[in-house]
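Have a look at final-v5.txt; it's compact mmCIF, N, CA and C atoms:
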```txt
# COMPACT_ATOMS: atom_id res chain seq x y z
N MET S 1 9.74 1.94 -68.26
CA MET S 1 8.84 3.03 -67.95
C MET S 1 9.68 4.17 -67.39
N LEU S 2 9.38 5.37 -67.81
CA LEU S 2 10.09 6.56 -67.34
C LEU S 2 9.11 7.53 -66.71
N PHE S 3 9.58 8.28 -65.72
CA PHE S 3 8.80 9.33 -65.09
C PHE S 3 9.56 10.62 -65.25
N GLU S 4 8.88 11.66 -65.74
CA GLU S 4 9.51 12.95 -65.91
C GLU S 4 9.01 13.88 -64.82
N ALA S 5 9.91 14.33 -63.95
CA ALA S 5 9.53 15.17 -62.82
C ALA S 5 9.88 16.62 -63.10
N GLU S 6 8.94 17.50 -62.81
CA GLU S 6 9.18 18.94 -62.86
C GLU S 6 8.64 19.52 -61.57
N THR S 7 9.24 20.59 -61.11
CA THR S 7 8.71 21.26 -59.93
C THR S 7 7.37 21.88 -60.28
N ALA S 8 6.38 21.66 -59.43
CA ALA S 8 5.05 22.23 -59.64
C ALA S 8 4.86 23.39 -58.69
N THR S 9 4.50 24.55 -59.23
CA THR S 9 4.20 25.71 -58.40
C THR S 9 2.69 25.87 -58.35
N VAL S 10 2.15 25.89 -57.13
CA VAL S 10 0.70 25.93 -56.93
C VAL S 10 0.34 27.04 -55.95
N THR S 11 -0.95 27.37 -55.87
CA THR S 11 -1.43 28.34 -54.89
C THR S 11 -1.60 27.62 -53.56
N ALA S 12 -0.88 28.07 -52.54
CA ALA S 12 -0.91 27.42 -51.22
C ALA S 12 -2.32 27.42 -50.65
N GLY S 13 -2.71 26.25 -50.12
CA GLY S 13 -3.99 26.11 -49.44
C GLY S 13 -5.21 25.99 -50.33
N LYS S 14 -5.02 26.00 -51.65
CA LYS S 14 -6.16 25.91 -52.58
C LYS S 14 -5.96 24.71 -53.51
N PRO S 15 -7.05 24.05 -53.91
CA PRO S 15 -6.92 22.93 -54.86
C PRO S 15 -6.24 23.39 -56.15
N SER S 16 -5.23 22.65 -56.56
CA SER S 16 -4.46 22.99 -57.76
C SER S 16 -4.16 21.72 -58.54
N ALA S 17 -4.07 21.86 -59.86
CA ALA S 17 -3.78 20.72 -60.73
C ALA S 17 -2.28 20.53 -60.90
N VAL S 18 -1.85 19.29 -60.82
CA VAL S 18 -0.46 18.90 -61.08
C VAL S 18 -0.51 17.69 -62.01
N GLU S 19 0.25 17.76 -63.12
CA GLU S 19 0.28 16.62 -64.05
C GLU S 19 1.58 15.84 -63.88
N LEU S 20 1.44 14.53 -63.84
CA LEU S 20 2.60 13.64 -63.78
C LEU S 20 2.72 12.99 -65.15
N ARG S 21 3.91 13.08 -65.75
CA ARG S 21 4.12 12.53 -67.09
C ARG S 21 4.92 11.23 -67.02
N PHE S 22 4.38 10.23 -67.67
CA PHE S 22 5.03 8.92 -67.74
C PHE S 22 5.23 8.55 -69.20
N ARG S 23 6.26 7.74 -69.46
CA ARG S 23 6.51 7.27 -70.83
C ARG S 23 6.78 5.78 -70.81
N VAL S 24 6.00 5.07 -71.61
CA VAL S 24 6.19 3.63 -71.80
C VAL S 24 7.16 3.48 -72.97
N GLU S 25 8.17 2.67 -72.78
CA GLU S 25 9.19 2.50 -73.81
C GLU S 25 8.59 1.89 -75.08
N ASP S 26 9.17 2.26 -76.22
CA ASP S 26 8.70 1.75 -77.52
C ASP S 26 8.68 0.22 -77.52
N GLY S 27 7.64 -0.33 -78.11
CA GLY S 27 7.52 -1.78 -78.20
C GLY S 27 6.81 -2.41 -77.01
N PHE S 28 6.46 -1.59 -76.02
CA PHE S 28 5.79 -2.10 -74.82
C PHE S 28 4.47 -1.36 -74.61
N HIS S 29 3.65 -1.93 -73.75
CA HIS S 29 2.42 -1.27 -73.30
C HIS S 29 2.21 -1.68 -71.84
N VAL S 30 1.38 -0.89 -71.14
CA VAL S 30 0.96 -1.23 -69.78
C VAL S 30 -0.55 -1.15 -69.75
N ASN S 31 -1.17 -1.95 -68.91
CA ASN S 31 -2.63 -1.87 -68.80
C ASN S 31 -3.02 -0.48 -68.32
N SER S 32 -4.18 -0.02 -68.76
CA SER S 32 -4.68 1.27 -68.30
C SER S 32 -5.08 1.17 -66.83
N HIS S 33 -5.55 2.28 -66.27
CA HIS S 33 -6.01 2.29 -64.89
C HIS S 33 -7.26 1.43 -64.72
N LYS S 34 -8.02 1.29 -65.79
CA LYS S 34 -9.22 0.44 -65.78
C LYS S 34 -9.08 -0.57 -66.92
N PRO S 35 -8.33 -1.65 -66.70
CA PRO S 35 -8.08 -2.61 -67.78
C PRO S 35 -9.35 -3.34 -68.22
N ALA S 36 -9.27 -3.97 -69.39
CA ALA S 36 -10.42 -4.64 -69.99
C ALA S 36 -10.91 -5.84 -69.17
N SER S 37 -10.08 -6.39 -68.31
CA SER S 37 -10.45 -7.54 -67.50
C SER S 37 -10.00 -7.31 -66.06
N GLU S 38 -10.79 -7.77 -65.11
CA GLU S 38 -10.40 -7.63 -63.71
C GLU S 38 -9.22 -8.54 -63.36
N LEU S 39 -8.85 -9.44 -64.26
CA LEU S 39 -7.71 -10.32 -64.04
C LEU S 39 -6.38 -9.63 -64.37
N LEU S 40 -6.45 -8.48 -65.06
CA LEU S 40 -5.25 -7.75 -65.45
C LEU S 40 -4.86 -6.75 -64.37
N ILE S 41 -3.58 -6.43 -64.30
CA ILE S 41 -3.06 -5.52 -63.28
C ILE S 41 -3.19 -4.08 -63.78
N PRO S 42 -3.98 -3.25 -63.07
CA PRO S 42 -4.13 -1.86 -63.50
C PRO S 42 -2.89 -1.02 -63.17
N THR S 43 -2.68 0.03 -63.95
CA THR S 43 -1.66 1.01 -63.64
C THR S 43 -2.25 1.94 -62.59
N ALA S 44 -1.56 2.11 -61.46
CA ALA S 44 -2.12 2.92 -60.37
C ALA S 44 -1.03 3.55 -59.53
N LEU S 45 -1.28 4.79 -59.12
CA LEU S 45 -0.39 5.49 -58.20
C LEU S 45 -0.68 5.06 -56.77
N LYS S 46 0.37 4.91 -55.99
CA LYS S 46 0.27 4.68 -54.55
C LYS S 46 1.09 5.77 -53.92
N LEU S 47 0.41 6.80 -53.39
CA LEU S 47 1.10 7.96 -52.84
C LEU S 47 1.22 7.86 -51.33
N GLU S 48 2.35 8.33 -50.81
CA GLU S 48 2.60 8.31 -49.37
C GLU S 48 1.90 9.51 -48.72
N PRO S 49 1.47 9.35 -47.47
CA PRO S 49 0.92 10.50 -46.75
C PRO S 49 1.98 11.60 -46.67
N ALA S 50 1.54 12.86 -46.86
CA ALA S 50 2.48 13.98 -46.85
C ALA S 50 1.75 15.26 -46.50
N ALA S 51 2.53 16.34 -46.40
CA ALA S 51 1.95 17.66 -46.16
C ALA S 51 1.07 18.07 -47.33
N VAL S 52 1.41 17.57 -48.51
CA VAL S 52 0.60 17.82 -49.71
C VAL S 52 -0.54 16.81 -49.71
N LYS S 53 -1.76 17.30 -49.71
CA LYS S 53 -2.93 16.41 -49.72
C LYS S 53 -3.41 16.24 -51.15
N VAL S 54 -3.67 14.99 -51.54
CA VAL S 54 -4.18 14.70 -52.88
C VAL S 54 -5.69 14.55 -52.78
N ALA S 55 -6.42 15.46 -53.42
CA ALA S 55 -7.88 15.46 -53.37
C ALA S 55 -8.48 14.59 -54.46
N ASN S 56 -7.75 14.40 -55.57
CA ASN S 56 -8.30 13.63 -56.69
C ASN S 56 -7.18 13.15 -57.61
N GLU S 57 -7.38 11.98 -58.19
CA GLU S 57 -6.47 11.44 -59.21
C GLU S 57 -7.30 11.20 -60.46
N GLU S 58 -6.82 11.67 -61.61
CA GLU S 58 -7.54 11.49 -62.87
C GLU S 58 -6.60 10.83 -63.88
N TYR S 59 -6.94 9.61 -64.25
CA TYR S 59 -6.13 8.85 -65.19
C TYR S 59 -6.70 9.03 -66.60
N PRO S 60 -5.84 8.99 -67.62
CA PRO S 60 -6.35 9.10 -68.99
C PRO S 60 -7.07 7.82 -69.42
N ARG S 61 -7.85 7.95 -70.46
CA ARG S 61 -8.46 6.76 -71.05
C ARG S 61 -7.37 5.98 -71.75
N GLY S 62 -7.50 4.67 -71.74
CA GLY S 62 -6.54 3.83 -72.44
C GLY S 62 -6.89 3.76 -73.92
N ALA S 63 -6.01 3.13 -74.67
CA ALA S 63 -6.23 2.91 -76.10
C ALA S 63 -6.40 1.41 -76.34
N ALA S 64 -7.19 1.07 -77.34
CA ALA S 64 -7.40 -0.34 -77.67
C ALA S 64 -6.12 -0.91 -78.27
N PHE S 65 -5.74 -2.10 -77.80
CA PHE S 65 -4.56 -2.79 -78.30
C PHE S 65 -4.93 -4.25 -78.51
N ARG S 66 -4.86 -4.72 -79.74
CA ARG S 66 -5.24 -6.10 -80.04
C ARG S 66 -4.00 -7.00 -80.02
N LEU S 67 -4.07 -8.03 -79.20
CA LEU S 67 -2.96 -8.98 -79.11
C LEU S 67 -2.85 -9.78 -80.41
N THR S 68 -1.61 -10.09 -80.77
CA THR S 68 -1.38 -10.90 -81.97
C THR S 68 -1.17 -12.37 -81.62
N VAL S 69 -1.28 -12.70 -80.34
CA VAL S 69 -1.14 -14.09 -79.89
C VAL S 69 -2.44 -14.55 -79.25
N GLY S 70 -2.58 -15.83 -79.06
CA GLY S 70 -3.77 -16.38 -78.40
C GLY S 70 -5.03 -16.12 -79.20
N ASP S 71 -6.09 -15.68 -78.51
CA ASP S 71 -7.37 -15.42 -79.17
C ASP S 71 -7.46 -14.02 -79.78
N GLY S 72 -6.39 -13.27 -79.76
CA GLY S 72 -6.42 -11.92 -80.30
C GLY S 72 -7.23 -10.96 -79.46
N GLU S 73 -7.18 -11.16 -78.14
CA GLU S 73 -7.92 -10.33 -77.19
C GLU S 73 -7.56 -8.84 -77.35
N THR S 74 -8.55 -7.97 -77.17
CA THR S 74 -8.31 -6.53 -77.21
C THR S 74 -8.18 -6.01 -75.79
N LEU S 75 -7.08 -5.32 -75.52
CA LEU S 75 -6.79 -4.78 -74.21
C LEU S 75 -6.97 -3.26 -74.20
N ASP S 76 -7.06 -2.68 -73.01
CA ASP S 76 -7.13 -1.24 -72.83
C ASP S 76 -5.81 -0.84 -72.20
N VAL S 77 -4.95 -0.13 -72.96
CA VAL S 77 -3.57 0.08 -72.53
C VAL S 77 -3.11 1.52 -72.69
N TYR S 78 -1.96 1.79 -72.09
CA TYR S 78 -1.22 3.02 -72.32
C TYR S 78 0.03 2.65 -73.11
N GLN S 79 0.33 3.45 -74.13
CA GLN S 79 1.56 3.32 -74.89
C GLN S 79 2.14 4.72 -75.06
N GLY S 80 3.46 4.81 -75.25
CA GLY S 80 4.05 6.13 -75.40
C GLY S 80 3.86 6.94 -74.13
N GLU S 81 3.56 8.24 -74.30
CA GLU S 81 3.40 9.11 -73.13
C GLU S 81 1.95 9.10 -72.65
N PHE S 82 1.80 9.10 -71.33
CA PHE S 82 0.49 9.31 -70.73
C PHE S 82 0.67 10.16 -69.48
N ARG S 83 -0.40 10.87 -69.11
CA ARG S 83 -0.33 11.79 -67.97
C ARG S 83 -1.42 11.47 -66.96
N VAL S 84 -1.06 11.55 -65.70
CA VAL S 84 -2.01 11.40 -64.61
C VAL S 84 -2.14 12.79 -63.98
N ARG S 85 -3.37 13.25 -63.88
CA ARG S 85 -3.62 14.59 -63.33
C ARG S 85 -4.07 14.45 -61.88
N LEU S 86 -3.38 15.18 -61.01
CA LEU S 86 -3.72 15.19 -59.59
C LEU S 86 -4.28 16.55 -59.22
N THR S 87 -5.25 16.56 -58.32
CA THR S 87 -5.67 17.79 -57.68
C THR S 87 -5.08 17.75 -56.27
N VAL S 88 -4.23 18.72 -55.98
CA VAL S 88 -3.53 18.73 -54.69
C VAL S 88 -3.82 20.01 -53.93
N VAL S 89 -3.67 19.93 -52.61
CA VAL S 89 -3.71 21.10 -51.75
C VAL S 89 -2.39 21.08 -50.98
N ALA S 90 -1.56 22.10 -51.26
CA ALA S 90 -0.22 22.14 -50.67
C ALA S 90 -0.08 23.31 -49.71
N PRO S 91 0.74 23.15 -48.68
CA PRO S 91 1.00 24.27 -47.77
C PRO S 91 1.95 25.28 -48.42
N ARG S 92 2.07 26.42 -47.81
CA ARG S 92 3.02 27.43 -48.30
C ARG S 92 4.45 26.89 -48.12
N GLY S 93 5.29 27.15 -49.09
CA GLY S 93 6.67 26.71 -49.03
C GLY S 93 6.93 25.49 -49.90
N GLU S 94 8.05 24.83 -49.65
CA GLU S 94 8.47 23.68 -50.45
C GLU S 94 8.03 22.38 -49.80
N SER S 95 7.48 21.48 -50.61
CA SER S 95 7.04 20.16 -50.15
C SER S 95 7.41 19.14 -51.22
N GLU S 96 7.25 17.89 -50.86
CA GLU S 96 7.44 16.80 -51.82
C GLU S 96 6.24 15.87 -51.77
N LEU S 97 5.90 15.38 -52.92
CA LEU S 97 4.89 14.34 -53.05
C LEU S 97 5.65 13.10 -53.50
N ARG S 98 5.54 12.01 -52.72
CA ARG S 98 6.29 10.77 -53.01
C ARG S 98 5.34 9.59 -53.12
N GLY S 99 5.75 8.64 -53.91
CA GLY S 99 4.97 7.43 -54.04
C GLY S 99 5.55 6.51 -55.10
N MET S 100 4.70 5.63 -55.58
CA MET S 100 5.09 4.65 -56.60
C MET S 100 3.98 4.54 -57.64
N LEU S 101 4.38 4.29 -58.87
CA LEU S 101 3.43 3.93 -59.92
C LEU S 101 3.55 2.42 -60.09
N HIS S 102 2.47 1.71 -59.78
CA HIS S 102 2.45 0.25 -59.91
C HIS S 102 1.92 -0.08 -61.30
N TYR S 103 2.65 -0.91 -62.05
CA TYR S 103 2.27 -1.24 -63.43
C TYR S 103 2.83 -2.60 -63.82
N GLN S 104 2.33 -3.10 -64.93
CA GLN S 104 2.87 -4.32 -65.52
C GLN S 104 3.12 -4.06 -66.99
N ALA S 105 4.36 -4.14 -67.39
CA ALA S 105 4.73 -3.93 -68.79
C ALA S 105 4.61 -5.23 -69.57
N CYS S 106 4.17 -5.10 -70.82
CA CYS S 106 4.04 -6.25 -71.71
C CYS S 106 4.53 -5.84 -73.09
N ASP S 107 4.96 -6.83 -73.86
CA ASP S 107 5.21 -6.58 -75.28
C ASP S 107 4.16 -7.38 -76.04
N SER S 108 4.32 -7.58 -77.31
CA SER S 108 3.28 -8.25 -78.10
C SER S 108 3.18 -9.75 -77.82
N ALA S 109 4.16 -10.31 -77.10
CA ALA S 109 4.16 -11.75 -76.87
C ALA S 109 4.04 -12.16 -75.40
N ALA S 110 4.46 -11.31 -74.48
CA ALA S 110 4.48 -11.72 -73.08
C ALA S 110 4.39 -10.51 -72.14
N CYS S 111 3.99 -10.80 -70.91
CA CYS S 111 3.97 -9.78 -69.86
C CYS S 111 5.08 -10.09 -68.86
N PHE S 112 5.59 -9.05 -68.25
CA PHE S 112 6.68 -9.17 -67.30
C PHE S 112 6.12 -8.98 -65.89
N PRO S 113 6.87 -9.38 -64.86
CA PRO S 113 6.36 -9.22 -63.49
C PRO S 113 6.03 -7.75 -63.21
N PRO S 114 5.01 -7.49 -62.40
CA PRO S 114 4.65 -6.11 -62.06
C PRO S 114 5.82 -5.41 -61.38
N ARG S 115 5.88 -4.09 -61.57
CA ARG S 115 6.95 -3.29 -60.99
C ARG S 115 6.38 -2.03 -60.36
N ASP S 116 7.20 -1.38 -59.55
CA ASP S 116 6.87 -0.09 -58.95
C ASP S 116 7.92 0.92 -59.38
N LEU S 117 7.46 2.02 -59.96
CA LEU S 117 8.34 3.10 -60.40
C LEU S 117 8.27 4.23 -59.38
N PRO S 118 9.41 4.62 -58.77
CA PRO S 118 9.38 5.71 -57.80
C PRO S 118 8.91 7.02 -58.45
N VAL S 119 8.09 7.75 -57.71
CA VAL S 119 7.57 9.04 -58.15
C VAL S 119 7.88 10.05 -57.05
N VAL S 120 8.60 11.12 -57.41
CA VAL S 120 8.89 12.21 -56.48
C VAL S 120 8.64 13.51 -57.23
N VAL S 121 7.77 14.36 -56.65
CA VAL S 121 7.46 15.64 -57.27
C VAL S 121 7.69 16.74 -56.24
N ALA S 122 8.52 17.70 -56.60
CA ALA S 122 8.73 18.88 -55.76
C ALA S 122 7.56 19.83 -55.99
N ILE S 123 6.96 20.32 -54.91
CA ILE S 123 5.83 21.23 -55.02
C ILE S 123 6.13 22.48 -54.19
N VAL S 124 5.90 23.63 -54.81
CA VAL S 124 6.12 24.91 -54.14
C VAL S 124 4.76 25.59 -54.01
N GLY S 125 4.34 25.82 -52.78
CA GLY S 125 3.09 26.53 -52.53
C GLY S 125 3.36 28.01 -52.32
N LYS S 126 2.72 28.84 -53.15
CA LYS S 126 2.92 30.31 -53.05
C LYS S 126 1.63 31.00 -52.69
```

Let me see the structure of the file written as structure tokens.
Amino acid sequence: MLFEAETATVTAGKPSAVELRFRVEDGFHVNSHKPASELLIPTALKLEPAAVKVANEEYPRGAAFRLTVGDGETLDVYQGEFRVRLTVVAPRGESELRGMLHYQACDSAACFPPRDLPVVVAIVGK
């Protein structure tokens, strides 16, 4: 899993949209934020408290993925690039938003232990 960070410039003190871009490596998938079963591990951001306040997190809809093993269960997953949209309120000046993206990567035959991907976004409030 890869995270692409860009500096986000927002209006200080007002709700602003910031998109976080993630990429799942070819041949793999991760469960969506709302997986097909409560037994599956959802993809979710865990953000640290900071000067930048997060008012809302909006995850994309997943895509149907049919397993080729077992009963051929259909999962709700992210593949390739996906974006999480945040609504933030940042102070004037430079700040950072830090946290982790918790996910579980799988291929067509097996799932791997859950991991946390560091997320750091520079935010400039003007």

Step one, run DSSP on the backbone; step two, keep only residues of chain S assigned to strand (DSSP E); then write them as a PyMOL selection string.
-> chain S and resi 2-4+8-10+16-23+29-31+44-47+53-58+63-66+74-78+81-89+93-103+105-106+115-125

Excluding Val84 (chain S) and its own-chain neighbours fewer than 6 positions away, which residues fall within 6.5 Å of it when counting only N, CA and C atoms? Please give them as a compact mmCIF listing (two decimals) with N, CA and C atoms, keeping the file's coordinate frame.
```
# COMPACT_ATOMS: atom_id res chain seq x y z
N VAL S 18 -1.85 19.29 -60.82
CA VAL S 18 -0.46 18.90 -61.08
C VAL S 18 -0.51 17.69 -62.01
N GLU S 19 0.25 17.76 -63.12
CA GLU S 19 0.28 16.62 -64.05
C GLU S 19 1.58 15.84 -63.88
N LEU S 20 1.44 14.53 -63.84
CA LEU S 20 2.60 13.64 -63.78
C LEU S 20 2.72 12.99 -65.15
N ARG S 21 3.91 13.08 -65.75
CA ARG S 21 4.12 12.53 -67.09
C ARG S 21 4.92 11.23 -67.02
N PHE S 22 4.38 10.23 -67.67
CA PHE S 22 5.03 8.92 -67.74
C PHE S 22 5.23 8.55 -69.20
N GLU S 57 -7.38 11.98 -58.19
CA GLU S 57 -6.47 11.44 -59.21
C GLU S 57 -7.30 11.20 -60.46
N GLU S 58 -6.82 11.67 -61.61
CA GLU S 58 -7.54 11.49 -62.87
C GLU S 58 -6.60 10.83 -63.88
N TYR S 59 -6.94 9.61 -64.25
CA TYR S 59 -6.13 8.85 -65.19
C TYR S 59 -6.70 9.03 -66.60
N PRO S 60 -5.84 8.99 -67.62
CA PRO S 60 -6.35 9.10 -68.99
C PRO S 60 -7.07 7.82 -69.42
```

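The environment of region 51-55 of chain S within 7 Å, counting only N, CA and C atoms and disregarding residues fewer than 6 places along the same chain, consists of Leu86, Thr87, Val88, Val89, Ala90, Pro91, Ser95, Glu96 and Leu97 of chain S.
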
Rank nothing, just name the residue among S:Leu117, S:Arg92, S:Ala105, S:Phe65 nearest to Gly13 (chain S), using only N, CA and C atoms.
-> S:Arg92

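Counting all atoms listed in the file, the residue from S:Asp76, S:Phe3, S:Arg66, S:Phe82 that sits nearest to Val119 (chain S) is S:Phe3.
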
Around all listed atoms of region 63-73 of chain S, padded 8 Å per side, what centre and edge lengths does the axis-aligned box have in Å to one decimal, as lines of an AutoDock Vina configuration file?
```
center_x = -4.5
center_y = -6.6
center_z = -78.3
size_x = 22.8
size_y = 35.5
size_z = 23.3
```

Which residues, written as a PyMOL selection string, have at least one atom at most 8 Å from Thr74 (chain S), with all atoms listed in the file counted and residues fewer than 5 positions away on the same chain left out?
-> chain S and resi 36-37+63-67

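Put simply, CA of Glu25 (chain S) is 19.5 Å away from atom C of Gly99 (chain S).
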
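Excluding region 27-35 of chain S itself and same-chain residues fewer than 4 positions from it, the residues having an atom within 8 Å of it are Leu39, Leu40, Ile41, Pro42, Thr43, Ala44, Leu45, Tyr59, Pro60, Arg61, Gly62, Ala63, Leu75, Asp76, Val77, Tyr78, Gln79, Gly80, Tyr103, Gln104, Ala105, Cys106, Asp107 and Ser108 of chain S, counting only N, CA and C atoms.
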
Would you kindly return, as a PDB file with N, CA and C atoms, in the frame of the given file, each protein, DNA or RNA residue with an atom no farther than 5 Å from any atom of Gly125 (chain S), considering all atoms listed in the file and excluding same-chain residues fewer than 2 positions away?
```
ATOM      1  N   VAL S  10       2.150  25.890 -57.130  1.00  0.00           N
ATOM      2  CA  VAL S  10       0.700  25.930 -56.930  1.00  0.00           C
ATOM      3  C   VAL S  10       0.340  27.040 -55.950  1.00  0.00           C
ATOM      4  N   THR S  11      -0.950  27.370 -55.870  1.00  0.00           N
ATOM      5  CA  THR S  11      -1.430  28.340 -54.890  1.00  0.00           C
ATOM      6  C   THR S  11      -1.600  27.620 -53.560  1.00  0.00           C
ATOM      7  N   ALA S  12      -0.880  28.070 -52.540  1.00  0.00           N
ATOM      8  CA  ALA S  12      -0.910  27.420 -51.220  1.00  0.00           C
ATOM      9  C   ALA S  12      -2.320  27.420 -50.650  1.00  0.00           C
ATOM     10  N   PRO S  91       0.740  23.150 -48.680  1.00  0.00           N
ATOM     11  CA  PRO S  91       1.000  24.270 -47.770  1.00  0.00           C
ATOM     12  C   PRO S  91       1.950  25.280 -48.420  1.00  0.00           C
ATOM     13  N   ARG S  92       2.070  26.420 -47.810  1.00  0.00           N
ATOM     14  CA  ARG S  92       3.020  27.430 -48.300  1.00  0.00           C
ATOM     15  C   ARG S  92       4.450  26.890 -48.120  1.00  0.00           C
ATOM     16  N   GLY S  93       5.290  27.150 -49.090  1.00  0.00           N
ATOM     17  CA  GLY S  93       6.670  26.710 -49.030  1.00  0.00           C
ATOM     18  C   GLY S  93       6.930  25.490 -49.900  1.00  0.00           C
ATOM     19  N   GLU S  94       8.050  24.830 -49.650  1.00  0.00           N
ATOM     20  CA  GLU S  94       8.470  23.680 -50.450  1.00  0.00           C
ATOM     21  C   GLU S  94       8.030  22.380 -49.800  1.00  0.00           C
ATOM     22  N   ILE S 123       6.960  20.320 -54.910  1.00  0.00           N
ATOM     23  CA  ILE S 123       5.830  21.230 -55.020  1.00  0.00           C
ATOM     24  C   ILE S 123       6.130  22.480 -54.190  1.00  0.00           C
TER      25      ILE S 123
END
```

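The two atoms in question, atom C of Pro15 (chain S) and atom C of Met100 (chain S), are spaced 21.5 Å apart.
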
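The gap separating CA of His102 (chain S) from CA of Ala17 (chain S) is 21.4 Å, in Å to one decimal.
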
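Minimum distance to Ala122 (chain S) across S:Met1, S:Glu38, S:Ala8, S:Lys46 (counting all atoms listed in the file) occurs at S:Ala8.
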
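Across S:Ala50, S:Gly72, S:Ala109, S:Glu81, the tightest approach to Asp26 (chain S) is made by S:Glu81 when counting only C-alpha atoms.
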